[in-house]
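Asker: Can you read through this structure? Questions will come right after.
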Amino acid sequence: MRTVALLLLCLLCPTLARAQDDVAAQVAELLRYKDEADPALIDKIAVTRDRRAAEGLVQAFDAMASLRMRGLVLDALARFVDADEAEQPAMAKIASIAADGGNGELAQTAIVALGRSSRFGKHFLRQIVASEAMDAVREPALREHLRLGGAEDVEFYRTLWNPKLEQRKSADGKIAPLELHSIRLLAFTGLLPQLGDDELVETLRREPEPRIRRKALDELARRSSAKTEEMAAWVLSRVDFPGADRVAAARILADRQGAKVAGTFLDLAKKRDVTQDDLRQEMAKLLANLRDPATDKKLSKLVGKGKPHEKVFALLATMRSDDAKVIAQVRKSLGDADLEVRRAAGVALAARRDRDSLPTLRSMLESGKKPGDRRIAIDAIAAIEGPTAAWTKELGELATNADADVRNAAIEQIGAIRAKEHLPALFAAFAHADWSTRLAAIDAAAACRDPKVVPQLIDRLAVESARLARRIADHLFELTAQPFEEDAAKWQAWWRDAGDKFTVATEKELDAARARREQARLAQRTSNRKEAKFFGIQVQSSRVIFVIDVSGSMMESMYGRYVGKRGAARIDVAKEELLAAIDGLDDGALFNVFAFSSGVARWQKEGIGDNSAPSRQAAKTWVERLGASGATNLYDTLQEVFADPDVDTVFVLSDGEPTNGAVIDPHKIRQDVAFWNAHRKVKIHTVAIGSSLEILEWLATDSGGTYLQMR
């Protein structure tokens with residue numbers, strides 16, 4: 001037997017030696033040609049799955065300049081999972097790519113790859129989470145670690161959760177900043193299977209982060225714990241807790257108590273100062289869904305009575321009622337003096353598709369004098385009418401209305417039902433003075449997917465810039481599958497040749513074009529193009545307002561940023577990022593800067609300023625002089641932002657929950673901003689420093705912007 005084994009070894013040695021020589025030669029070729037190398041060469045190296053191949057690919061990754069080739073090498077390294085002695089160097093390199101975080105796309109791919117390694121993945125993911133890597137990398141690494149985690153990771157997760165919020169020291173002996181609440185929430189989620197009911201109750205009573213409290217309460221409910229109702233009632237009674245916490249509690253109580261909860265809900269609904277709007281609205285929906293006759297009878301008597309918040313509650317709580325008297329009172333509420341009541345009435349009538357309310361709604365649309373009336377009316381009419389021929393015809397007339405909300409809403413409706421007969425009206429709106437109308441018309445025309453739209457978009461591309469130009473280029477690609485991006489001259493030349501025989505691209509053609517475009521993007525190396533960024537978020541706008549929190553807490557140090565050996569204050573980092581963003585703006589850009597604390601200060605007192613050299617320098621001088629003190633007045637600041645008709649993009653940076661201004665309830669701020677922005681389509685990007693701020697996350701999500709959180 002030993003003789004046979006030795007014979008086989010002798011026969012295999014030359015083969016193995018040749019294979020190793022081949023790998024060495026292939027690696028040498030890859031390193032020589034770098035980004036110009038044949039991608040197939042990477043596959044040839046990776047297929048061997050031996051240590052020399054892994055080490056060669058590690059070298060190759062660092063030698064590449066293009067995102068495409070780096071991505072291909074990273075994918076090849078990921079194939080070494082479970083490859084004996086070759087797995088460790090491959091996974092170690094993947095971990096360093098993830099921890100570096102220089103390119104978010106590569107970092108995310110690397111983190112997912114680590115999650116596939118049963119031997120080393122969890123080890124390297126834990127190292128990343130425990131390191132001083134960017135939080136944008138640590139959070140997905142922890143999420144992947146949770147997928148692999150088990151009972152042996154309890155202490156690690158508990159350390160991250162840090163329920164007592166103990167101050168700890170970093171490796172250099174300095175006081176380390178507290179974890180972002182999003183990291184703590186993930187760690188708490190990993191711990192849930194190990195926590196008993198008593199510890200969940202203790203979490204509810206002591207934990208400062210609302211989302212962790214909600215997770216604990218939901219877990220008690222999921223387990224059908226005997227303590228669920230008691231703790232839900234306790235949370236609901238906590239007037240100092242945010243509305244979202246109390247909403248979760250209200251749902252649990254309604255599910256378990258049914259109609260018995262009605263009295264509690266009705267009492268809370270009356271209390272304006274201690275019952276948040278989102279809680280009041282949720283209690284109304286829960287009562288409506290109970291379909292309890294006795295409760296419905298009580299609610300029907302409340303419609304149209306009381307203070308504005310009580311009227312709104314009654315309107316929402318009777319949404320399912322078919323009582324003629326209730327419906328008549330809902331119609332009457334369209335004339336209420338309070339905007340919130342009129343909005344709720346419009347929603348209630350739209351939900352019922354109440355045609356008898358159309359005369360009143362049309363009167364509001366034609367001659368509404370109260371703020372928001374036309375917006376309420378057109379949204380309700382559209383929901384009630386549906387895509388009827390008469391309404392479709394009327395939309396064409398409304399698309400030229402003097403009121404921007406009516407005009408834009410009508411244009412959006414045309415796009416939603418693809419009313420091609422109104423394309424001429426949409427093309428005319430391409431040149432409207434209001435950018436939001438142009439955007440609505442561009443989107444609506446593209447939605448019609450008609451060949452006639454293409455030359456009109458091409459002509460408009462030659463005129464527009466920044467955000468609108470990018471939008472037109474995206475629509476042109478989706479209609480034609482052509483790769484000319486924002487180059488109007490190339491589009492015009494292509495159309496001269498292709499126009500006569502053009503047909504709208506099929507999904508198959510688009511899939512192929514998307515693949516080609518992605519390959520071209522990945523093949524790019526460096527760019528000399530001037531780019532404005534704010535905390536890494538690209539400023540794709542020529543009408544932008546930067547909104548900076550200068551409240552007292554902005555004097556605290558920001559993790560990972562230094563002035564010499566001293567930690568840089570949040571306000572200093574914010575100013576540094578803002579000054580760089582101003583310098584990077586396109587020459588023709590219009591911009592303004594708002595600084596808010598207890599009140600609101602603005603660089604340009606009226607409108608948006610130009611980006612000439614003197615104007616830019618004046619703005620930078622103004623920014624450099626900003627200090628930090630006072631409270632956090634987010635609502636009044638955003639109200640001023642939306643009073644500016646020119647702005648199409650907003651960047652908001654803050655480090656704390658709203659504490660001052662006309663509204664401090666985060667849900668109400670979210671609701672009002674959504675109402676102001678319904679037909680404006682202003683994009684809001686947000687940066688939260690020092691904590692995970694749900695209001696900033698909501699504002700970004702609702703408007704299609706980016707939300708970034710940093711310590």
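By convention in this document, the chains of the structure tokens carry letters A, B, ... by their order, each chain's residues are numbered from 1, and ligands are numbered from 1 in the order they are shown.
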Name all residues at most 6 Å from segment 533-550 of chain A (count only C-alpha atoms; drop same-chain ones fewer than 4 positions away) and give them as JSON, numbers by chain.
Answerer: {"A": [466, 467, 554, 577, 581, 589, 590, 591, 592, 593, 594, 595, 596, 597, 628, 647, 648, 649, 650, 651, 652, 653, 654]}
Asker: Write the residues of the selection above to a file with N, CA and C atoms, as an mmCIF file, in the first residue's frame.
Answerer:
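The result, written out as again_39.cif:
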```cif
data_model
loop_
_atom_site.group_PDB
_atom_site.id
_atom_site.type_symbol
_atom_site.label_atom_id
_atom_site.label_comp_id
_atom_site.auth_asym_id
_atom_site.auth_seq_id
_atom_site.Cartn_x
_atom_site.Cartn_y
_atom_site.Cartn_z
ATOM 1 N N ALA A 466 -27.581 70.003 -13.894
ATOM 2 C CA ALA A 466 -27.618 69.397 -12.560
ATOM 3 C C ALA A 466 -28.731 68.356 -12.432
ATOM 4 N N ARG A 467 -29.587 68.504 -11.417
ATOM 5 C CA ARG A 467 -30.545 67.456 -11.089
ATOM 6 C C ARG A 467 -31.513 67.172 -12.236
ATOM 7 N N MET A 554 -23.384 70.916 19.460
ATOM 8 C CA MET A 554 -22.451 70.809 18.331
ATOM 9 C C MET A 554 -21.018 71.153 18.744
ATOM 10 N N GLU A 577 -16.688 70.530 6.143
ATOM 11 C CA GLU A 577 -17.386 69.839 5.057
ATOM 12 C C GLU A 577 -18.189 70.814 4.200
ATOM 13 N N ALA A 581 -17.829 71.717 0.216
ATOM 14 C CA ALA A 581 -18.970 71.548 -0.686
ATOM 15 C C ALA A 581 -19.223 72.816 -1.494
ATOM 16 N N ALA A 589 -24.235 77.249 -10.145
ATOM 17 C CA ALA A 589 -25.135 76.797 -9.078
ATOM 18 C C ALA A 589 -25.645 77.958 -8.231
ATOM 19 N N LEU A 590 -26.872 77.813 -7.764
ATOM 20 C CA LEU A 590 -27.460 78.738 -6.797
ATOM 21 C C LEU A 590 -27.516 78.012 -5.454
ATOM 22 N N PHE A 591 -27.156 78.712 -4.374
ATOM 23 C CA PHE A 591 -27.143 78.032 -3.085
ATOM 24 C C PHE A 591 -27.364 79.017 -1.947
ATOM 25 N N ASN A 592 -27.715 78.457 -0.797
ATOM 26 C CA ASN A 592 -27.846 79.243 0.420
ATOM 27 C C ASN A 592 -27.448 78.355 1.597
ATOM 28 N N VAL A 593 -27.181 78.985 2.719
ATOM 29 C CA VAL A 593 -26.820 78.264 3.937
ATOM 30 C C VAL A 593 -27.700 78.766 5.073
ATOM 31 N N PHE A 594 -28.369 77.827 5.762
ATOM 32 C CA PHE A 594 -29.153 78.146 6.945
ATOM 33 C C PHE A 594 -28.439 77.549 8.157
ATOM 34 N N ALA A 595 -28.347 78.303 9.226
ATOM 35 C CA ALA A 595 -27.806 77.797 10.482
ATOM 36 C C ALA A 595 -28.917 77.906 11.524
ATOM 37 N N PHE A 596 -29.204 76.805 12.212
ATOM 38 C CA PHE A 596 -30.313 76.844 13.161
ATOM 39 C C PHE A 596 -29.891 76.354 14.540
ATOM 40 N N SER A 597 -30.436 76.995 15.536
ATOM 41 C CA SER A 597 -30.335 76.547 16.921
ATOM 42 C C SER A 597 -31.703 76.833 17.532
ATOM 43 N N ALA A 628 -21.638 77.859 18.107
ATOM 44 C CA ALA A 628 -22.660 76.890 18.501
ATOM 45 C C ALA A 628 -23.203 77.218 19.883
ATOM 46 N N VAL A 647 -35.405 76.208 -4.499
ATOM 47 C CA VAL A 647 -34.600 75.094 -4.009
ATOM 48 C C VAL A 647 -35.149 73.753 -4.504
ATOM 49 N N ASP A 648 -34.237 72.872 -4.971
ATOM 50 C CA ASP A 648 -34.670 71.529 -5.350
ATOM 51 C C ASP A 648 -33.960 70.441 -4.544
ATOM 52 N N THR A 649 -32.924 70.833 -3.790
ATOM 53 C CA THR A 649 -32.176 69.864 -2.984
ATOM 54 C C THR A 649 -31.773 70.516 -1.668
ATOM 55 N N VAL A 650 -31.916 69.773 -0.579
ATOM 56 C CA VAL A 650 -31.582 70.288 0.751
ATOM 57 C C VAL A 650 -30.680 69.282 1.455
ATOM 58 N N PHE A 651 -29.649 69.783 2.116
ATOM 59 C CA PHE A 651 -28.808 68.974 2.985
ATOM 60 C C PHE A 651 -29.049 69.441 4.423
ATOM 61 N N VAL A 652 -29.423 68.522 5.293
ATOM 62 C CA VAL A 652 -29.681 68.855 6.697
ATOM 63 C C VAL A 652 -28.708 68.090 7.583
ATOM 64 N N LEU A 653 -27.977 68.805 8.424
ATOM 65 C CA LEU A 653 -27.088 68.175 9.406
ATOM 66 C C LEU A 653 -27.554 68.566 10.802
ATOM 67 N N SER A 654 -27.698 67.562 11.674
ATOM 68 C CA SER A 654 -28.090 67.839 13.055
ATOM 69 C C SER A 654 -27.522 66.771 13.968
#
```
Asker: Counting only C-alpha atoms, what are the residues of segment 386-425 of chain A within 9 Å of segment 677-699 of chain A, and for each of them which pair of atoms is the nearest and at what distance in Å, to one decimal? Sort the table by chain and rising number, as a tab-separated table.
Answerer:
```
residue	atom	partner	partner_atom	distance
A:Ala404	CA	A:His679	CA	8.1
A:Asp405	CA	A:His679	CA	5.9
A:Val406	CA	A:His679	CA	8.5
A:Arg407	CA	A:His679	CA	8.9
A:Asn408	CA	A:His679	CA	5.8
A:Ala409	CA	A:His679	CA	6.0
A:Glu412	CA	A:His679	CA	8.3
```
Asker: Considering only C-alpha atoms, return as a VMD selection string whatever protein or nucleic-acid residues lie within 12 Å of Asp323 of chain A, sequence-local ones (same chain, fewer than 4 positions apart) excluded.
Answerer: chain A and resid 293 296 to 297 299 to 301 303 318 to 319 327 to 330 352
Asker: Those residues with N, CA and C atoms, as a PDB file, in the first residue's frame please?
Answerer:
```pdb
ATOM      1  N   PRO A 293     -69.840  48.137  17.380  1.00  0.00           N
ATOM      2  CA  PRO A 293     -71.002  49.041  17.293  1.00  0.00           C
ATOM      3  C   PRO A 293     -71.066  50.079  18.409  1.00  0.00           C
ATOM      4  N   ASP A 296     -68.329  52.617  17.819  1.00  0.00           N
ATOM      5  CA  ASP A 296     -68.640  53.437  16.646  1.00  0.00           C
ATOM      6  C   ASP A 296     -69.719  54.471  16.957  1.00  0.00           C
ATOM      7  N   LYS A 297     -70.660  54.091  17.799  1.00  0.00           N
ATOM      8  CA  LYS A 297     -71.729  55.025  18.172  1.00  0.00           C
ATOM      9  C   LYS A 297     -71.159  56.211  18.945  1.00  0.00           C
ATOM     10  N   LEU A 299     -68.072  57.299  18.744  1.00  0.00           N
ATOM     11  CA  LEU A 299     -67.217  58.075  17.845  1.00  0.00           C
ATOM     12  C   LEU A 299     -68.035  58.961  16.913  1.00  0.00           C
ATOM     13  N   SER A 300     -69.172  58.443  16.460  1.00  0.00           N
ATOM     14  CA  SER A 300     -69.994  59.215  15.520  1.00  0.00           C
ATOM     15  C   SER A 300     -70.483  60.523  16.135  1.00  0.00           C
ATOM     16  N   LYS A 301     -70.640  60.533  17.444  1.00  0.00           N
ATOM     17  CA  LYS A 301     -71.104  61.743  18.131  1.00  0.00           C
ATOM     18  C   LYS A 301     -69.997  62.792  18.264  1.00  0.00           C
ATOM     19  N   VAL A 303     -67.754  63.566  15.774  1.00  0.00           N
ATOM     20  CA  VAL A 303     -67.356  64.151  14.488  1.00  0.00           C
ATOM     21  C   VAL A 303     -67.793  65.610  14.413  1.00  0.00           C
ATOM     22  N   THR A 318     -63.701  57.378  12.304  1.00  0.00           N
ATOM     23  CA  THR A 318     -64.975  57.003  11.671  1.00  0.00           C
ATOM     24  C   THR A 318     -64.811  56.752  10.175  1.00  0.00           C
ATOM     25  N   MET A 319     -63.590  56.481   9.742  1.00  0.00           N
ATOM     26  CA  MET A 319     -63.324  56.295   8.308  1.00  0.00           C
ATOM     27  C   MET A 319     -64.149  55.168   7.694  1.00  0.00           C
ATOM     28  N   ILE A 327     -71.082  61.046   7.494  1.00  0.00           N
ATOM     29  CA  ILE A 327     -70.510  61.438   6.193  1.00  0.00           C
ATOM     30  C   ILE A 327     -70.826  62.904   5.884  1.00  0.00           C
ATOM     31  N   ALA A 328     -72.057  63.324   6.214  1.00  0.00           N
ATOM     32  CA  ALA A 328     -72.432  64.729   5.983  1.00  0.00           C
ATOM     33  C   ALA A 328     -71.541  65.654   6.805  1.00  0.00           C
ATOM     34  N   GLN A 329     -71.223  65.252   8.021  1.00  0.00           N
ATOM     35  CA  GLN A 329     -70.374  66.077   8.871  1.00  0.00           C
ATOM     36  C   GLN A 329     -68.929  66.090   8.361  1.00  0.00           C
ATOM     37  N   VAL A 330     -68.504  64.981   7.774  1.00  0.00           N
ATOM     38  CA  VAL A 330     -67.157  64.935   7.188  1.00  0.00           C
ATOM     39  C   VAL A 330     -67.070  65.937   6.040  1.00  0.00           C
ATOM     40  N   ARG A 352     -63.463  57.045   1.053  1.00  0.00           N
ATOM     41  CA  ARG A 352     -64.830  56.570   0.793  1.00  0.00           C
ATOM     42  C   ARG A 352     -65.204  56.680  -0.686  1.00  0.00           C
TER      43      ARG A 352
END
```
Asker: Within 10 Å of Val274 of chain A, counting only C-alpha atoms, which residues show up once you throw out same-chain ones fewer than 5 positions away? Write them as a VMD selection string, please.
Answerer: chain A and resid 237 to 241 243 268 to 269
Asker: Which one is closest to Ala337 of chain A: A:Asp583, A:Asp636, A:Asp373, A:Glu478? Count only C-alpha atoms.
Answerer: A:Asp373
Asker: If we count only C-alpha atoms, what is near segment 220-231 of chain A at a cut-off of 9 Å, once residues fewer than 4 positions away on the same chain are taken out, given as a PyMOL selection string?
Answerer: chain A and resi 197-198+200-201+204+215-216+235-236+249+252-253+256-257
Asker: Write the residues of the preceding selection, restricted to C-alpha atoms, as a tab-separated table (two decimals), in the first residue's frame.
Answerer:
```
chain	number	residue	atom	x	y	z
A	197	ASP	CA	-38.79	38.34	30.34
A	198	ASP	CA	-37.48	40.14	33.42
A	200	LEU	CA	-36.83	42.68	28.68
A	201	VAL	CA	-38.96	44.48	31.26
A	204	LEU	CA	-38.18	48.89	28.78
A	215	LYS	CA	-37.91	45.79	20.13
A	216	ALA	CA	-38.14	44.64	23.76
A	235	VAL	CA	-45.43	52.41	27.80
A	236	LEU	CA	-48.70	53.92	26.57
A	249	ALA	CA	-48.00	49.74	22.84
A	252	ILE	CA	-50.59	45.45	21.39
A	253	LEU	CA	-53.37	46.58	23.71
A	256	ARG	CA	-55.34	41.83	23.25
A	257	GLN	CA	-58.18	43.88	24.74
```
Asker: Find, counting only C-alpha atoms, the residue in A:Asp450, A:Asp587, A:Asp267, A:Glu282 that gets nearest to Gly609 of chain A.
Answerer: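 When distances to Gly609 of chain A are compared using only C-alpha atoms, the smallest one comes from A:Asp587.
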Asker: So, counting only C-alpha atoms, which residue among A:Asp702, A:Glu486, A:Asp50, A:Glu179 is closest to Trp676 of chain A?
Answerer: A:Asp702
Asker: Contacts of Lys370 of chain A at 10 Å or less, counting only C-alpha atoms, minus same-chain residues fewer than 5 places along, as an MDAnalysis selection string?
Answerer: chainID A and resid 335:339 342 364
Asker: Store the residues picked out above in a file with C-alpha atoms, as a CSV table (one decimal), in the first residue's frame.
Answerer:
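Result saved to out_14.csv:
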```csv
chain,number,residue,atom,x,y,z
A,335,GLY,CA,-64.7,74.2,5.5
A,336,ASP,CA,-63.2,74.0,8.9
A,337,ALA,CA,-60.9,76.9,9.9
A,338,ASP,CA,-58.0,74.5,10.7
A,339,LEU,CA,-55.8,73.1,8.0
A,342,ARG,CA,-59.5,70.0,6.3
A,364,MET,CA,-62.1,74.5,-3.2
```
Asker: Pick out the closest residue to Trp161 of chain A from this set: A:Glu209, A:Asp82, A:Asp135, A:Asp646. Count only C-alpha atoms.
Answerer: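 Result for the nearest residue to Trp161 of chain A: A:Glu209.
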Asker: Find the distance between atom CA of Ala294 of chain A and atom CA of Arg246 of chain A and write it in Å to one decimal.
Answerer: 24.6 Å
Asker: Please provide the set of residues having any atom within 8 Å of Val504 of chain A, restricted to only C-alpha atoms, with same-chain residues fewer than 6 positions apart removed, written as a PDB file with N, CA and C atoms, in the first residue's frame.
Answerer:
```
ATOM      1  N   ARG A 449     -44.081  56.660 -22.293  1.00  0.00           N
ATOM      2  CA  ARG A 449     -43.278  55.774 -23.150  1.00  0.00           C
ATOM      3  C   ARG A 449     -43.726  55.840 -24.608  1.00  0.00           C
ATOM      4  N   ASP A 450     -43.756  57.046 -25.103  1.00  0.00           N
ATOM      5  CA  ASP A 450     -44.142  57.312 -26.489  1.00  0.00           C
ATOM      6  C   ASP A 450     -42.925  57.834 -27.248  1.00  0.00           C
ATOM      7  N   PRO A 451     -42.701  57.374 -28.491  1.00  0.00           N
ATOM      8  CA  PRO A 451     -41.530  57.840 -29.257  1.00  0.00           C
ATOM      9  C   PRO A 451     -41.452  59.356 -29.390  1.00  0.00           C
ATOM     10  N   LEU A 479     -35.805  54.946 -22.211  1.00  0.00           N
ATOM     11  CA  LEU A 479     -36.639  54.933 -23.420  1.00  0.00           C
ATOM     12  C   LEU A 479     -35.895  54.400 -24.635  1.00  0.00           C
ATOM     13  N   THR A 480     -34.578  54.600 -24.681  1.00  0.00           N
ATOM     14  CA  THR A 480     -33.818  54.303 -25.905  1.00  0.00           C
ATOM     15  C   THR A 480     -32.749  53.229 -25.746  1.00  0.00           C
TER      16      THR A 480
END
```
Asker: Between A:Val47, A:Val73, A:Ala574, A:Ala284, which is the closest to Ser557 of chain A once you count only C-alpha atoms?
Answerer: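 Using only C-alpha atoms, Ser557 of chain A sits closest to A:Ala574.
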Asker: I need the helix (DSSP H, G or I) residues of segment 239-373 of chain A per DSSP on the backbone, written as an MDAnalysis selection string.
Answerer: chainID A and resid 243:270 277:290 293:300 308:317 324:335 339:352 355:367 373
Asker: Given the selection you just returned, output its residues as a file containing C-alpha atoms, formatted as a tab-separated table (two decimals), in the first residue's frame.
Answerer:
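This went into selection-v2.tsv:
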```tsv
chain	number	residue	atom	x	y	z
A	243	GLY	CA	-45.10	58.61	19.75
A	244	ALA	CA	-43.67	55.57	17.94
A	245	ASP	CA	-43.10	53.78	21.27
A	246	ARG	CA	-46.63	54.46	22.41
A	247	VAL	CA	-48.02	53.47	19.00
A	248	ALA	CA	-46.42	50.03	19.40
A	249	ALA	CA	-48.00	49.74	22.84
A	250	ALA	CA	-51.42	50.83	21.56
A	251	ARG	CA	-51.37	48.15	18.85
A	252	ILE	CA	-50.59	45.45	21.39
A	253	LEU	CA	-53.37	46.58	23.71
A	254	ALA	CA	-55.92	46.80	20.89
A	255	ASP	CA	-54.95	43.30	19.77
A	256	ARG	CA	-55.34	41.83	23.25
A	257	GLN	CA	-58.18	43.88	24.74
A	258	GLY	CA	-60.32	44.64	21.73
A	259	ALA	CA	-63.14	47.10	22.41
A	260	LYS	CA	-62.15	47.32	26.08
A	261	VAL	CA	-59.32	49.62	25.09
A	262	ALA	CA	-61.67	52.23	23.59
A	263	GLY	CA	-62.07	54.22	26.79
A	264	THR	CA	-58.32	54.58	27.26
A	265	PHE	CA	-57.86	55.63	23.65
A	266	LEU	CA	-60.68	58.18	23.78
A	267	ASP	CA	-59.26	59.76	26.94
A	268	LEU	CA	-55.77	60.01	25.45
A	269	ALA	CA	-57.06	61.43	22.18
A	270	LYS	CA	-58.45	64.49	23.96
A	277	ASP	CA	-50.07	63.14	16.55
A	278	ASP	CA	-48.84	59.75	15.35
A	279	LEU	CA	-50.25	58.11	18.49
A	280	ARG	CA	-53.58	59.90	18.10
A	281	GLN	CA	-53.83	58.88	14.44
A	282	GLU	CA	-52.93	55.27	15.17
A	283	MET	CA	-55.47	55.01	17.98
A	284	ALA	CA	-58.10	56.37	15.59
A	285	LYS	CA	-57.27	53.71	12.98
A	286	LEU	CA	-57.26	50.96	15.59
A	287	LEU	CA	-60.69	52.00	16.82
A	288	ALA	CA	-62.00	52.18	13.25
A	289	ASN	CA	-60.72	48.66	12.58
A	290	LEU	CA	-62.43	47.25	15.67
A	293	PRO	CA	-71.00	49.04	17.29
A	294	ALA	CA	-70.90	50.59	20.76
A	295	THR	CA	-67.55	52.25	20.11
A	296	ASP	CA	-68.64	53.44	16.65
A	297	LYS	CA	-71.73	55.02	18.17
A	298	LYS	CA	-69.57	57.01	20.61
A	299	LEU	CA	-67.22	58.07	17.85
A	300	SER	CA	-69.99	59.21	15.52
A	308	PRO	CA	-58.87	70.69	16.02
A	309	HIS	CA	-56.93	67.66	17.26
A	310	GLU	CA	-60.16	66.08	18.54
A	311	LYS	CA	-61.89	66.71	15.22
A	312	VAL	CA	-59.02	65.07	13.30
A	313	PHE	CA	-59.17	62.06	15.60
A	314	ALA	CA	-62.92	61.65	15.10
A	315	LEU	CA	-62.62	61.97	11.30
A	316	LEU	CA	-59.99	59.23	11.16
A	317	ALA	CA	-61.72	56.99	13.70
A	324	ALA	CA	-75.20	59.32	6.56
A	325	LYS	CA	-74.97	61.87	9.36
A	326	VAL	CA	-71.29	61.12	9.90
A	327	ILE	CA	-70.51	61.44	6.19
A	328	ALA	CA	-72.43	64.73	5.98
A	329	GLN	CA	-70.37	66.08	8.87
A	330	VAL	CA	-67.16	64.93	7.19
A	331	ARG	CA	-68.12	66.93	4.08
A	332	LYS	CA	-68.86	69.93	6.26
A	333	SER	CA	-65.38	69.61	7.79
A	334	LEU	CA	-63.86	70.63	4.45
A	335	GLY	CA	-64.75	74.16	5.47
A	339	LEU	CA	-55.80	73.07	7.98
A	340	GLU	CA	-55.26	69.75	9.77
A	341	VAL	CA	-59.03	69.19	10.00
A	342	ARG	CA	-59.52	69.99	6.30
A	343	ARG	CA	-56.70	67.62	5.38
A	344	ALA	CA	-58.21	64.81	7.44
A	345	ALA	CA	-61.63	65.44	5.89
A	346	GLY	CA	-60.14	65.25	2.40
A	347	VAL	CA	-58.44	61.96	3.23
A	348	ALA	CA	-61.65	60.53	4.73
A	349	LEU	CA	-63.76	61.49	1.71
A	350	ALA	CA	-61.14	60.17	-0.73
A	351	ALA	CA	-61.04	56.85	1.13
A	352	ARG	CA	-64.83	56.57	0.79
A	355	ARG	CA	-68.92	61.52	-5.12
A	356	ASP	CA	-71.41	63.70	-3.28
A	357	SER	CA	-68.48	65.71	-1.93
A	358	LEU	CA	-67.20	66.57	-5.44
A	359	PRO	CA	-69.08	69.91	-5.75
A	360	THR	CA	-67.50	71.18	-2.53
A	361	LEU	CA	-64.07	69.85	-3.53
A	362	ARG	CA	-64.30	71.48	-6.96
A	363	SER	CA	-65.23	74.76	-5.35
A	364	MET	CA	-62.13	74.46	-3.16
A	365	LEU	CA	-60.06	73.71	-6.23
A	366	GLU	CA	-61.35	76.65	-8.22
A	367	SER	CA	-61.40	79.33	-5.56
A	373	ASP	CA	-57.09	73.95	0.05
```
Asker: Kindly give the distance, in Å, that separates atom CA of Ile571 of chain A and atom CA of Met555 of chain A, rounded to a single decimal.
Answerer: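 Between atom CA of Ile571 of chain A and atom CA of Met555 of chain A the gap is 6.0 Å.
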Asker: Name the closest residue to Ser551 of chain A among the candidates A:Pro455, A:Thr659, A:Glu507, A:Val154; distances are taken between atoms, counting only C-alpha atoms.
Answerer: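 Of A:Pro455, A:Thr659, A:Glu507, A:Val154, the one nearest Ser551 of chain A is A:Thr659, counting only C-alpha atoms.
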Asker: Could you check how far atom CA of Ala440 of chain A sits from atom CA of Ala419 of chain A, in Å to one decimal?
Answerer: 14.1 Å
